[in-house]
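Asker: As input, take data.pdb (PDB, C-alpha atoms and all ligand atoms):
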```pdb
ATOM      1  CA  MET B   1       7.880  23.403 -17.075  1.00  0.00           C
ATOM      2  CA  GLN B   2      11.260  21.791 -16.362  1.00  0.00           C
ATOM      3  CA  VAL B   3      11.450  19.048 -13.753  1.00  0.00           C
ATOM      4  CA  ASN B   4      14.510  17.440 -12.183  1.00  0.00           C
ATOM      5  CA  LEU B   5      13.951  13.892 -11.086  1.00  0.00           C
ATOM      6  CA  ARG B   6      16.188  12.440  -8.396  1.00  0.00           C
ATOM      7  CA  ILE B   7      15.695   8.683  -8.436  1.00  0.00           C
ATOM      8  CA  ARG B   8      17.196   6.158  -6.017  1.00  0.00           C
ATOM      9  CA  ARG B   9      18.936   3.573  -8.180  1.00  0.00           C
ATOM     10  CA  PHE B  10      20.343   0.161  -7.281  1.00  0.00           C
ATOM     11  CA  ASN B  11      21.294  -2.757  -9.492  1.00  0.00           C
ATOM     12  CA  PRO B  12      22.542  -5.673  -7.344  1.00  0.00           C
ATOM     13  CA  GLU B  13      24.453  -7.062 -10.340  1.00  0.00           C
ATOM     14  CA  LYS B  14      26.594  -3.904 -10.605  1.00  0.00           C
ATOM     15  CA  ASP B  15      26.250  -1.718  -7.543  1.00  0.00           C
ATOM     16  CA  THR B  16      27.587  -2.279  -4.050  1.00  0.00           C
ATOM     17  CA  LYS B  17      25.295   0.444  -2.727  1.00  0.00           C
ATOM     18  CA  ALA B  18      22.389   2.592  -3.866  1.00  0.00           C
ATOM     19  CA  TRP B  19      23.011   5.911  -5.638  1.00  0.00           C
ATOM     20  CA  TRP B  20      20.983   8.878  -6.871  1.00  0.00           C
ATOM     21  CA  GLY B  21      20.254   9.164 -10.592  1.00  0.00           C
ATOM     22  CA  GLU B  22      19.548  12.756 -11.752  1.00  0.00           C
ATOM     23  CA  TYR B  23      17.359  13.319 -14.840  1.00  0.00           C
ATOM     24  CA  THR B  24      16.046  16.566 -16.295  1.00  0.00           C
ATOM     25  CA  LEU B  25      12.796  16.629 -18.237  1.00  0.00           C
ATOM     26  CA  SER B  26      11.446  19.620 -20.143  1.00  0.00           C
ATOM     27  CA  ASP B  27       7.905  20.270 -21.407  1.00  0.00           C
ATOM     28  CA  VAL B  28       6.365  18.732 -18.327  1.00  0.00           C
ATOM     29  CA  HIS B  29       2.697  19.612 -17.843  1.00  0.00           C
ATOM     30  CA  PRO B  30       1.289  20.265 -14.370  1.00  0.00           C
ATOM     31  CA  THR B  31      -1.291  17.551 -15.009  1.00  0.00           C
ATOM     32  CA  ASP B  32       1.341  14.907 -15.813  1.00  0.00           C
ATOM     33  CA  THR B  33       1.650  12.226 -13.188  1.00  0.00           C
ATOM     34  CA  VAL B  34       4.888  11.100 -11.576  1.00  0.00           C
ATOM     35  CA  LEU B  35       4.396   7.823 -13.447  1.00  0.00           C
ATOM     36  CA  ASP B  36       4.312   9.747 -16.750  1.00  0.00           C
ATOM     37  CA  LEU B  37       7.693  11.256 -15.830  1.00  0.00           C
ATOM     38  CA  LEU B  38       9.214   7.912 -14.814  1.00  0.00           C
ATOM     39  CA  ASN B  39       8.038   6.408 -18.107  1.00  0.00           C
ATOM     40  CA  ARG B  40       9.724   9.265 -19.967  1.00  0.00           C
ATOM     41  CA  VAL B  41      12.994   8.619 -18.136  1.00  0.00           C
ATOM     42  CA  LYS B  42      12.748   4.918 -18.946  1.00  0.00           C
ATOM     43  CA  TRP B  43      11.681   5.342 -22.573  1.00  0.00           C
ATOM     44  CA  GLU B  44      13.726   8.433 -23.533  1.00  0.00           C
ATOM     45  CA  ILE B  45      16.802   8.526 -21.278  1.00  0.00           C
ATOM     46  CA  ASP B  46      17.696   5.275 -19.500  1.00  0.00           C
ATOM     47  CA  GLY B  47      15.926   2.030 -20.365  1.00  0.00           C
ATOM     48  CA  THR B  48      17.550   0.237 -17.426  1.00  0.00           C
ATOM     49  CA  LEU B  49      15.368   2.076 -14.885  1.00  0.00           C
ATOM     50  CA  SER B  50      13.184  -0.578 -13.246  1.00  0.00           C
ATOM     51  CA  LEU B  51       9.785   0.012 -11.711  1.00  0.00           C
ATOM     52  CA  ARG B  52       6.467  -1.776 -11.357  1.00  0.00           C
ATOM     53  CA  ARG B  53       3.346  -0.299 -12.892  1.00  0.00           C
ATOM     54  CA  SER B  54       0.346  -1.575 -14.773  1.00  0.00           C
ATOM     55  CA  CYS B  55      -3.071   0.136 -14.803  1.00  0.00           C
ATOM     56  CA  ALA B  56      -1.856   3.772 -14.548  1.00  0.00           C
ATOM     57  CA  HIS B  57      -5.211   4.626 -12.938  1.00  0.00           C
ATOM     58  CA  GLY B  58      -4.838   3.883  -9.226  1.00  0.00           C
ATOM     59  CA  VAL B  59      -6.457   0.470  -9.430  1.00  0.00           C
ATOM     60  CA  CYS B  60      -3.779  -2.248  -9.513  1.00  0.00           C
ATOM     61  CA  GLY B  61      -1.681  -0.937  -6.604  1.00  0.00           C
ATOM     62  CA  SER B  62       1.649  -1.826  -8.211  1.00  0.00           C
ATOM     63  CA  ASP B  63       3.435   1.547  -8.317  1.00  0.00           C
ATOM     64  CA  ALA B  64       3.695   2.505  -4.651  1.00  0.00           C
ATOM     65  CA  MET B  65       6.873   4.487  -3.986  1.00  0.00           C
ATOM     66  CA  ARG B  66       8.237   7.291  -1.802  1.00  0.00           C
ATOM     67  CA  ILE B  67       7.702  10.584  -3.591  1.00  0.00           C
ATOM     68  CA  ASN B  68       9.354  13.518  -1.811  1.00  0.00           C
ATOM     69  CA  GLU B  69       9.593  11.263   1.245  1.00  0.00           C
ATOM     70  CA  VAL B  70       5.896  10.415   1.332  1.00  0.00           C
ATOM     71  CA  ASN B  71       4.416   7.078   0.232  1.00  0.00           C
ATOM     72  CA  ALA B  72       2.068   7.379  -2.756  1.00  0.00           C
ATOM     73  CA  LEU B  73       1.083   5.780  -6.044  1.00  0.00           C
ATOM     74  CA  ALA B  74       3.088   7.355  -8.872  1.00  0.00           C
ATOM     75  CA  CYS B  75       0.090   7.161 -11.221  1.00  0.00           C
ATOM     76  CA  LYS B  76      -2.137   9.114  -8.810  1.00  0.00           C
ATOM     77  CA  THR B  77       0.386  11.844  -8.003  1.00  0.00           C
ATOM     78  CA  LEU B  78       0.023  14.889 -10.228  1.00  0.00           C
ATOM     79  CA  VAL B  79       3.056  17.106 -10.691  1.00  0.00           C
ATOM     80  CA  GLN B  80       0.941  20.163  -9.807  1.00  0.00           C
ATOM     81  CA  ARG B  81       0.295  18.716  -6.340  1.00  0.00           C
ATOM     82  CA  LEU B  82       4.007  18.662  -5.485  1.00  0.00           C
ATOM     83  CA  GLU B  83       5.915  21.548  -3.981  1.00  0.00           C
ATOM     84  CA  LYS B  84       7.774  23.768  -6.418  1.00  0.00           C
ATOM     85  CA  LYS B  85      10.778  25.929  -5.484  1.00  0.00           C
ATOM     86  CA  GLY B  86      11.497  28.675  -8.032  1.00  0.00           C
ATOM     87  CA  ASP B  87      11.125  28.002 -11.751  1.00  0.00           C
ATOM     88  CA  THR B  88      12.137  24.366 -11.739  1.00  0.00           C
ATOM     89  CA  MET B  89      10.866  21.555  -9.646  1.00  0.00           C
ATOM     90  CA  THR B  90      12.826  18.691  -8.112  1.00  0.00           C
ATOM     91  CA  ILE B  91      11.020  15.460  -7.360  1.00  0.00           C
ATOM     92  CA  GLN B  92      12.755  12.813  -5.269  1.00  0.00           C
ATOM     93  CA  ILE B  93      11.685   9.209  -5.809  1.00  0.00           C
ATOM     94  CA  GLU B  94      12.705   6.186  -3.736  1.00  0.00           C
ATOM     95  CA  PRO B  95      11.477   2.636  -3.229  1.00  0.00           C
ATOM     96  CA  ILE B  96       9.065   2.064  -0.344  1.00  0.00           C
ATOM     97  CA  LEU B  97      10.813   1.307   2.955  1.00  0.00           C
ATOM     98  CA  GLY B  98      11.026  -1.847   5.042  1.00  0.00           C
ATOM     99  CA  LEU B  99      11.172  -4.335   2.150  1.00  0.00           C
ATOM    100  CA  ARG B 100      14.326  -5.544   0.356  1.00  0.00           C
ATOM    101  CA  VAL B 101      15.121  -3.659  -2.851  1.00  0.00           C
ATOM    102  CA  ILE B 102      15.360  -6.042  -5.805  1.00  0.00           C
ATOM    103  CA  LYS B 103      16.275  -3.350  -8.349  1.00  0.00           C
ATOM    104  CA  ASP B 104      15.758   0.429  -8.412  1.00  0.00           C
ATOM    105  CA  LEU B 105      12.127   1.050  -7.371  1.00  0.00           C
ATOM    106  CA  ILE B 106      11.156  -2.638  -7.231  1.00  0.00           C
ATOM    107  CA  VAL B 107      10.996  -4.209  -3.779  1.00  0.00           C
ATOM    108  CA  ASP B 108      10.425  -7.793  -2.693  1.00  0.00           C
ATOM    109  CA  MET B 109       6.698  -7.918  -1.852  1.00  0.00           C
ATOM    110  CA  GLU B 110       6.784 -11.502  -0.562  1.00  0.00           C
ATOM    111  CA  PRO B 111       7.025 -10.672   3.187  1.00  0.00           C
ATOM    112  CA  PHE B 112       4.059  -8.288   2.712  1.00  0.00           C
ATOM    113  CA  MET B 113       2.070 -11.007   0.919  1.00  0.00           C
ATOM    114  CA  GLU B 114       2.972 -13.537   3.610  1.00  0.00           C
ATOM    115  CA  HIS B 115       1.352 -11.286   6.231  1.00  0.00           C
ATOM    116  CA  TYR B 116      -1.643 -10.849   3.926  1.00  0.00           C
ATOM    117  CA  ARG B 117      -2.128 -14.612   3.537  1.00  0.00           C
ATOM    118  CA  ALA B 118      -1.776 -15.095   7.319  1.00  0.00           C
ATOM    119  CA  VAL B 119      -5.115 -13.359   8.007  1.00  0.00           C
ATOM    120  CA  MET B 120      -7.004 -15.703   5.637  1.00  0.00           C
ATOM    121  CA  PRO B 121      -8.281 -12.975   3.295  1.00  0.00           C
ATOM    122  CA  TYR B 122     -11.178 -14.949   1.874  1.00  0.00           C
ATOM    123  CA  PHE B 123     -14.759 -15.704   2.818  1.00  0.00           C
ATOM    124  CA  ILE B 124     -15.118 -18.577   5.305  1.00  0.00           C
ATOM    125  CA  ASN B 125     -18.521 -20.146   5.857  1.00  0.00           C
ATOM    126  CA  ASP B 126     -19.037 -23.912   6.068  1.00  0.00           C
ATOM    127  CA  SER B 127     -22.804 -23.699   6.732  1.00  0.00           C
ATOM    128  CA  PRO B 128     -25.016 -24.768   3.832  1.00  0.00           C
ATOM    129  CA  PRO B 129     -26.319 -21.871   1.714  1.00  0.00           C
ATOM    130  CA  PRO B 130     -30.043 -20.931   1.992  1.00  0.00           C
ATOM    131  CA  ALA B 131     -32.290 -23.783   0.793  1.00  0.00           C
ATOM    132  CA  ASP B 132     -34.218 -21.511  -1.587  1.00  0.00           C
ATOM    133  CA  GLY B 133     -31.070 -21.192  -3.706  1.00  0.00           C
ATOM    134  CA  ARG B 134     -30.648 -17.500  -2.957  1.00  0.00           C
ATOM    135  CA  GLU B 135     -27.399 -15.857  -1.881  1.00  0.00           C
ATOM    136  CA  ARG B 136     -26.567 -15.288   1.796  1.00  0.00           C
ATOM    137  CA  LEU B 137     -28.436 -12.062   2.517  1.00  0.00           C
ATOM    138  CA  GLN B 138     -27.102  -9.158   4.536  1.00  0.00           C
ATOM    139  CA  SER B 139     -28.716  -5.923   5.713  1.00  0.00           C
ATOM    140  CA  GLN B 140     -27.432  -2.587   4.429  1.00  0.00           C
ATOM    141  CA  GLU B 141     -26.327  -1.740   7.980  1.00  0.00           C
ATOM    142  CA  ASP B 142     -24.280  -4.938   8.252  1.00  0.00           C
ATOM    143  CA  ARG B 143     -22.709  -4.336   4.828  1.00  0.00           C
ATOM    144  CA  ALA B 144     -21.772  -0.787   5.831  1.00  0.00           C
ATOM    145  CA  ARG B 145     -19.654  -2.047   8.747  1.00  0.00           C
ATOM    146  CA  PHE B 146     -16.867  -3.231   6.450  1.00  0.00           C
ATOM    147  CA  ASP B 147     -17.523  -1.104   3.369  1.00  0.00           C
ATOM    148  CA  ASP B 148     -14.394   1.016   3.842  1.00  0.00           C
ATOM    149  CA  THR B 149     -11.993  -1.921   4.104  1.00  0.00           C
ATOM    150  CA  THR B 150     -13.273  -3.532   0.873  1.00  0.00           C
ATOM    151  CA  LYS B 151     -11.512  -0.716  -1.034  1.00  0.00           C
ATOM    152  CA  CYS B 152      -7.958  -1.954  -0.364  1.00  0.00           C
ATOM    153  CA  ILE B 153      -5.816  -2.579  -3.470  1.00  0.00           C
ATOM    154  CA  LEU B 154      -2.835  -4.074  -1.563  1.00  0.00           C
ATOM    155  CA  CYS B 155      -0.443  -1.357  -2.654  1.00  0.00           C
ATOM    156  CA  ALA B 156       1.541  -1.522   0.640  1.00  0.00           C
ATOM    157  CA  CYS B 157       1.701   2.293   1.006  1.00  0.00           C
ATOM    158  CA  CYS B 158       0.332   1.908   4.546  1.00  0.00           C
ATOM    159  CA  THR B 159       2.499  -0.909   5.883  1.00  0.00           C
ATOM    160  CA  THR B 160       5.719   0.518   4.453  1.00  0.00           C
ATOM    161  CA  SER B 161       5.047   3.941   5.993  1.00  0.00           C
ATOM    162  CA  CYS B 162       4.608   2.469   9.483  1.00  0.00           C
ATOM    163  CA  PRO B 163       7.523   2.954  11.930  1.00  0.00           C
ATOM    164  CA  SER B 164       6.440  -0.163  13.852  1.00  0.00           C
ATOM    165  CA  PHE B 165       6.868  -2.185  10.641  1.00  0.00           C
ATOM    166  CA  TRP B 166      10.239  -0.550   9.939  1.00  0.00           C
ATOM    167  CA  ALA B 167      11.334  -1.508  13.463  1.00  0.00           C
ATOM    168  CA  ASN B 168      10.218  -5.115  13.103  1.00  0.00           C
ATOM    169  CA  GLY B 169       9.109  -6.658   9.808  1.00  0.00           C
ATOM    170  CA  LYS B 170       7.361  -9.458  11.680  1.00  0.00           C
ATOM    171  CA  TYR B 171       4.560  -6.998  12.531  1.00  0.00           C
ATOM    172  CA  ILE B 172       1.742  -8.045  10.193  1.00  0.00           C
ATOM    173  CA  GLY B 173       1.146  -4.381   9.424  1.00  0.00           C
ATOM    174  CA  PRO B 174      -1.875  -2.201   8.681  1.00  0.00           C
ATOM    175  CA  ALA B 175      -2.681  -3.663   5.245  1.00  0.00           C
ATOM    176  CA  SER B 176      -3.173  -7.158   6.681  1.00  0.00           C
ATOM    177  CA  ILE B 177      -5.278  -5.797   9.515  1.00  0.00           C
ATOM    178  CA  VAL B 178      -7.446  -3.943   6.976  1.00  0.00           C
ATOM    179  CA  GLN B 179      -7.947  -7.263   5.167  1.00  0.00           C
ATOM    180  CA  ALA B 180      -8.756  -9.056   8.420  1.00  0.00           C
ATOM    181  CA  HIS B 181     -11.232  -6.282   9.292  1.00  0.00           C
ATOM    182  CA  ARG B 182     -13.011  -6.729   5.964  1.00  0.00           C
ATOM    183  CA  PHE B 183     -13.924 -10.322   6.916  1.00  0.00           C
ATOM    184  CA  ILE B 184     -14.180 -10.097  10.725  1.00  0.00           C
ATOM    185  CA  PHE B 185     -16.953  -7.491  10.378  1.00  0.00           C
ATOM    186  CA  ASP B 186     -18.796  -9.372   7.614  1.00  0.00           C
ATOM    187  CA  SER B 187     -21.928 -10.846   9.255  1.00  0.00           C
ATOM    188  CA  ARG B 188     -21.901 -13.752   6.760  1.00  0.00           C
ATOM    189  CA  ASP B 189     -18.368 -14.873   7.558  1.00  0.00           C
ATOM    190  CA  GLU B 190     -17.576 -17.548  10.165  1.00  0.00           C
ATOM    191  CA  GLY B 191     -13.776 -17.277  10.301  1.00  0.00           C
ATOM    192  CA  ALA B 192     -13.476 -14.408  12.799  1.00  0.00           C
ATOM    193  CA  ALA B 193     -12.129 -16.546  15.664  1.00  0.00           C
ATOM    194  CA  GLU B 194      -9.241 -17.863  13.546  1.00  0.00           C
ATOM    195  CA  ARG B 195      -8.397 -14.424  12.195  1.00  0.00           C
ATOM    196  CA  LEU B 196      -8.563 -12.823  15.642  1.00  0.00           C
ATOM    197  CA  LYS B 197      -6.000 -15.354  16.838  1.00  0.00           C
ATOM    198  CA  VAL B 198      -3.596 -14.115  14.150  1.00  0.00           C
ATOM    199  CA  VAL B 199      -4.196 -10.387  14.608  1.00  0.00           C
ATOM    200  CA  GLY B 200      -4.202 -10.692  18.419  1.00  0.00           C
ATOM    201  CA  ASP B 201      -0.825 -12.440  18.459  1.00  0.00           C
ATOM    202  CA  THR B 202       2.576 -10.955  19.476  1.00  0.00           C
ATOM    203  CA  PHE B 203       3.137  -9.442  16.032  1.00  0.00           C
ATOM    204  CA  GLY B 204      -0.466  -8.395  15.500  1.00  0.00           C
ATOM    205  CA  VAL B 205      -2.503  -5.261  16.205  1.00  0.00           C
ATOM    206  CA  TRP B 206      -0.876  -4.418  19.531  1.00  0.00           C
ATOM    207  CA  ARG B 207       2.306  -3.468  17.640  1.00  0.00           C
ATOM    208  CA  CYS B 208       0.296  -0.528  16.279  1.00  0.00           C
ATOM    209  CA  ARG B 209       1.139   2.621  18.263  1.00  0.00           C
ATOM    210  CA  THR B 210      -1.534   4.761  16.574  1.00  0.00           C
ATOM    211  CA  ILE B 211       1.004   6.750  14.551  1.00  0.00           C
ATOM    212  CA  PHE B 212      -1.479   7.372  11.667  1.00  0.00           C
ATOM    213  CA  ASN B 213       1.143   7.327   8.851  1.00  0.00           C
ATOM    214  CA  CYS B 214      -0.846   4.458   7.334  1.00  0.00           C
ATOM    215  CA  THR B 215      -4.070   6.455   7.144  1.00  0.00           C
ATOM    216  CA  ASN B 216      -2.293   9.447   5.615  1.00  0.00           C
ATOM    217  CA  ALA B 217      -0.562   7.230   3.031  1.00  0.00           C
ATOM    218  CA  CYS B 218      -3.578   5.258   1.812  1.00  0.00           C
ATOM    219  CA  PRO B 219      -4.388   6.200  -1.809  1.00  0.00           C
ATOM    220  CA  ARG B 220      -7.890   4.762  -1.383  1.00  0.00           C
ATOM    221  CA  ASP B 221      -8.642   7.033   1.586  1.00  0.00           C
ATOM    222  CA  ILE B 222      -9.365   4.057   3.807  1.00  0.00           C
ATOM    223  CA  GLU B 223      -9.530   4.982   7.491  1.00  0.00           C
ATOM    224  CA  VAL B 224      -6.800   2.483   8.273  1.00  0.00           C
ATOM    225  CA  THR B 225      -6.111   3.494  11.880  1.00  0.00           C
ATOM    226  CA  LYS B 226      -9.845   3.420  12.630  1.00  0.00           C
ATOM    227  CA  ALA B 227     -10.105  -0.113  11.209  1.00  0.00           C
ATOM    228  CA  ILE B 228      -7.167  -1.180  13.396  1.00  0.00           C
ATOM    229  CA  ALA B 229      -8.859   0.378  16.433  1.00  0.00           C
ATOM    230  CA  GLU B 230     -12.070  -1.536  15.650  1.00  0.00           C
ATOM    231  CA  VAL B 231     -10.174  -4.822  15.499  1.00  0.00           C
ATOM    232  CA  LYS B 232      -8.424  -3.965  18.787  1.00  0.00           C
ATOM    233  CA  GLY B 233     -11.884  -3.268  20.237  1.00  0.00           C
ATOM    234  CA  VAL B 234     -13.128  -6.742  19.276  1.00  0.00           C
ATOM    235  CA  LEU B 235     -10.057  -8.329  20.857  1.00  0.00           C
ATOM    236  CA  ALA B 236     -10.533  -6.295  24.041  1.00  0.00           C
ATOM    237  CA  THR B 237     -14.275  -6.851  24.458  1.00  0.00           C
ATOM    238  CA  GLY B 238     -14.845 -10.144  22.641  1.00  0.00           C
ATOM    239  CA  GLU B 239     -17.738  -8.484  20.800  1.00  0.00           C
ATOM    240  CA  ILE B 240     -17.979  -7.906  17.077  1.00  0.00           C
TER     241      ILE B 240
HETATM  242 FE1  LIG B 301      -2.839   0.376   0.044  1.00  0.00          FE
HETATM  243 FE2  LIG B 301      -4.716   1.528   1.586  1.00  0.00          FE
HETATM  244 FE3  LIG B 301      -4.760  -1.106   1.175  1.00  0.00          FE
HETATM  245 FE4  LIG B 301      -2.874  -0.065   2.681  1.00  0.00          FE
HETATM  246  S1  LIG B 301      -5.075  -0.061   3.134  1.00  0.00           S
HETATM  247  S2  LIG B 301      -2.558  -1.596   1.119  1.00  0.00           S
HETATM  248  S3  LIG B 301      -2.510   1.871   1.687  1.00  0.00           S
HETATM  249  S4  LIG B 301      -5.030   0.500  -0.355  1.00  0.00           S
HETATM  250 FE1  LIG B 302       1.620   2.085  12.119  1.00  0.00          FE
HETATM  251 FE2  LIG B 302      -0.642   3.041  11.288  1.00  0.00          FE
HETATM  252 FE3  LIG B 302      -0.482   1.993  13.661  1.00  0.00          FE
HETATM  253  S1  LIG B 302       1.355   3.945  10.964  1.00  0.00           S
HETATM  254  S2  LIG B 302       1.594   2.413  14.271  1.00  0.00           S
HETATM  255  S3  LIG B 302      -0.203   0.904  11.781  1.00  0.00           S
HETATM  256  S4  LIG B 302      -1.697   3.760  13.089  1.00  0.00           S
HETATM  257 FE1  LIG B 303      -1.857   0.650 -11.152  1.00  0.00          FE
HETATM  258 FE2  LIG B 303      -0.635   2.882 -10.301  1.00  0.00          FE
HETATM  259  S1  LIG B 303      -0.130   1.665 -12.027  1.00  0.00           S
HETATM  260  S2  LIG B 303      -2.174   1.740  -9.297  1.00  0.00           S
END
```
Please render this file's structure as structure tokens.

Answerer:
Amino acid sequence: MQVNLRIRRFNPEKDTKAWWGEYTLSDVHPTDTVLDLLNRVKWEIDGTLSLRRSCAHGVCGSDAMRINEVNALACKTLVQRLEKKGDTMTIQIEPILGLRVIKDLIVDMEPFMEHYRAVMPYFINDSPPPADGRERLQSQEDRARFDDTTKCILCACCTTSCPSFWANGKYIGPASIVQAHRFIFDSRDEGAAERLKVVGDTFGVWRCRTIFNCTNACPRDIEVTKAIAEVKGVLATGEI
């Protein structure tokens, strides 16, 4: 199969504005991933194409991008899942939105990471551990309450698909709320009050207008909007 790739390019050292690079690849297999195609462009056609990627298996979260105007991981997007018109296929690839483009498909992740750090994404418990030397135990039911939000790989597909984040980058965004949820609902953690202060603030959960783009974009199938609603519920009722 022949595939035309339309890639948003921008090199701040040369370009005054972004432009579309057009690349044609032949012998593409339906089971190739979009990352396979981008690697071919970089390795066979234009070595200056810049993108982040590492694991190639949907684990590291580094290759989030807009593929045919939808946020996804390039390594988890099979060519056969994309819409084909006629004999050839055109795939449009852009950097994720709402973060400054450093070069081509690479964006500045620092504002995203700043929001992540703000929710204190680590276990907080200053009480002494059990005297018998065992770990802090938890029932299966208590563990299940935050099981879904442990799956996050910090790819930013959710936050950068959210219109509230596009409108105001100070909104901490769905990914940070997912991280806060993971600890707020952990029965062993004692940092909920501090985290709730952050997520209940002006640029916290109430900026979420239940648009659901985040849930649709998540490559880990996390129920992001549901997690946000659960955090809103704790703020509204004071009960975890
Ligand atoms: Fe990525 Fe999903 Fe985590 Fe958002 S919640 S950062 S989309 S893995
Ligand atoms: Fe945005 Fe998701 Fe809420 S897309 S508005 S964070 S439901
Ligand atoms: Fe690691 Fe895609 S390269 S998630």

Asker: Could you tell me, as a PDB file with C-alpha atoms, keeping the file's coordinate frame, exactly which residues end up selected when the PyMOL selection byres (((chain B and resi 125-138) around 9) and not hetatm) is applied to this structure?

Answerer:
```pdb
ATOM      1  CA  PHE B 123     -14.759 -15.704   2.818  1.00  0.00           C
ATOM      2  CA  ILE B 124     -15.118 -18.577   5.305  1.00  0.00           C
ATOM      3  CA  SER B 139     -28.716  -5.923   5.713  1.00  0.00           C
ATOM      4  CA  GLN B 140     -27.432  -2.587   4.429  1.00  0.00           C
ATOM      5  CA  GLU B 141     -26.327  -1.740   7.980  1.00  0.00           C
ATOM      6  CA  ASP B 142     -24.280  -4.938   8.252  1.00  0.00           C
ATOM      7  CA  ARG B 143     -22.709  -4.336   4.828  1.00  0.00           C
ATOM      8  CA  ASP B 186     -18.796  -9.372   7.614  1.00  0.00           C
ATOM      9  CA  SER B 187     -21.928 -10.846   9.255  1.00  0.00           C
ATOM     10  CA  ARG B 188     -21.901 -13.752   6.760  1.00  0.00           C
ATOM     11  CA  ASP B 189     -18.368 -14.873   7.558  1.00  0.00           C
ATOM     12  CA  GLU B 190     -17.576 -17.548  10.165  1.00  0.00           C
ATOM     13  CA  GLY B 191     -13.776 -17.277  10.301  1.00  0.00           C
TER      14      GLY B 191
END
```

Asker: If I take CA of Glu94 (chain B) and CA of Arg220 (chain B), how far is one from the other in Å, to one decimal?

Answerer: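 Computed distance, CA of Glu94 (chain B) to CA of Arg220 (chain B), equals 20.8 Å.
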
Asker: Quote the spacing between CA of Ala180 (chain B) and CA of Thr210 (chain B) in Å to one decimal place.

Answerer: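 Separation between CA of Ala180 (chain B) and CA of Thr210 (chain B): 17.6 Å.
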
Asker: Would you mind telling me which residue in B:Pro121, B:Gly233, B:Pro163, B:Pro219 lies nearest to Gln179 (chain B) when using only C-alpha atoms?

Answerer: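 Looking only at the distances to Gln179 (chain B), the closest residue turns out to be B:Pro121.
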
Asker: Given a cut-off of 7 Å, what residues near ligand LIG 303 (chain B) show up using all atoms listed in the file, put as a list in words?

Answerer: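 If we count all atoms listed in the file, the neighbours of ligand LIG 303 (chain B) turn out to be Arg53, Ser54, Cys55, Ala56, His57, Gly58, Val59, Cys60, Gly61, Ser62, Asp63, Leu73, Ala74, Cys75 and Lys76 of chain B.
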
Asker: Tell me which protein, DNA and RNA residues are within 9 Å of region 24-40 of chain B, counting all atoms listed in the file, leaving out same-chain ones fewer than 5 positions away, and put them as a PDB file with C-alpha atoms, in the coordinates of the input.

Answerer:
```pdb
ATOM      1  CA  MET B   1       7.880  23.403 -17.075  1.00  0.00           C
ATOM      2  CA  GLN B   2      11.260  21.791 -16.362  1.00  0.00           C
ATOM      3  CA  VAL B   3      11.450  19.048 -13.753  1.00  0.00           C
ATOM      4  CA  ASN B   4      14.510  17.440 -12.183  1.00  0.00           C
ATOM      5  CA  LEU B   5      13.951  13.892 -11.086  1.00  0.00           C
ATOM      6  CA  ARG B   6      16.188  12.440  -8.396  1.00  0.00           C
ATOM      7  CA  ILE B  45      16.802   8.526 -21.278  1.00  0.00           C
ATOM      8  CA  ASP B  46      17.696   5.275 -19.500  1.00  0.00           C
ATOM      9  CA  LEU B  49      15.368   2.076 -14.885  1.00  0.00           C
ATOM     10  CA  LEU B  51       9.785   0.012 -11.711  1.00  0.00           C
ATOM     11  CA  ARG B  53       3.346  -0.299 -12.892  1.00  0.00           C
ATOM     12  CA  ALA B  56      -1.856   3.772 -14.548  1.00  0.00           C
ATOM     13  CA  ASP B  63       3.435   1.547  -8.317  1.00  0.00           C
ATOM     14  CA  ILE B  67       7.702  10.584  -3.591  1.00  0.00           C
ATOM     15  CA  LEU B  73       1.083   5.780  -6.044  1.00  0.00           C
ATOM     16  CA  ALA B  74       3.088   7.355  -8.872  1.00  0.00           C
ATOM     17  CA  CYS B  75       0.090   7.161 -11.221  1.00  0.00           C
ATOM     18  CA  LYS B  76      -2.137   9.114  -8.810  1.00  0.00           C
ATOM     19  CA  THR B  77       0.386  11.844  -8.003  1.00  0.00           C
ATOM     20  CA  LEU B  78       0.023  14.889 -10.228  1.00  0.00           C
ATOM     21  CA  VAL B  79       3.056  17.106 -10.691  1.00  0.00           C
ATOM     22  CA  GLN B  80       0.941  20.163  -9.807  1.00  0.00           C
ATOM     23  CA  ARG B  81       0.295  18.716  -6.340  1.00  0.00           C
ATOM     24  CA  ILE B  91      11.020  15.460  -7.360  1.00  0.00           C
TER      25      ILE B  91
END
```

Asker: Would you mind listing what lies within 7 Å of Ser164 (chain B) as a list in words, with only C-alpha atoms counted and same-chain residues fewer than 3 positions away left out?

Answerer: Ala167, Asn168, Arg207 and Cys208 of chain B

Asker: Taking all atoms of ligand LIG 301 (chain B) that appear in the file, build a box with edges along x, y and z, extend it by 6 Å on every side, and state its centre and edge lengths in Å to one decimal, as JSON.

Answerer:
```
{"center_x": -3.8, "center_y": 0.1, "center_z": 1.4, "size_x": 14.6, "size_y": 15.5, "size_z": 15.5}
```

Asker: Taking the file as shown, find all residues satisfying the PyMOL selection byres (((chain B and resi 205) around 9) and not hetatm) and write them as a list in words.

Answerer: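 On the file shown, the PyMOL selection byres (((chain B and resi 205) around 9) and not hetatm) covers Tyr171, Ile172, Gly173, Pro174, Ile177, Val199, Gly200, Asp201, Thr202, Phe203, Gly204, Trp206, Arg207, Cys208, Arg209, Ile228, Ala229, Val231 and Lys232 of chain B.
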
Asker: List all protein, DNA and RNA residues that have any atom at most 10 Å from ligand LIG 301 (chain B), counting all atoms listed in the file, and write the list as JSON, numbers by chain.

Answerer: {"B": [58, 59, 60, 61, 62, 64, 71, 72, 73, 112, 116, 148, 149, 150, 151, 152, 153, 154, 155, 156, 157, 158, 159, 160, 161, 173, 174, 175, 176, 177, 178, 179, 213, 214, 215, 216, 217, 218, 219, 220, 221, 222, 223, 224, 225, 227]}

Asker: Do you have the CA of Thr88 (chain B)-CA of Asn11 (chain B) distance handy?

Answerer: 28.7 Å

Asker: Could you tell me which of B:Ile106, B:Cys162, B:Ile184, B:Leu235 comes closest to ligand LIG 302 (chain B) if we count all atoms listed in the file?

Answerer: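 Of B:Ile106, B:Cys162, B:Ile184, B:Leu235, the one nearest ligand LIG 302 (chain B) is B:Cys162, counting all atoms listed in the file.
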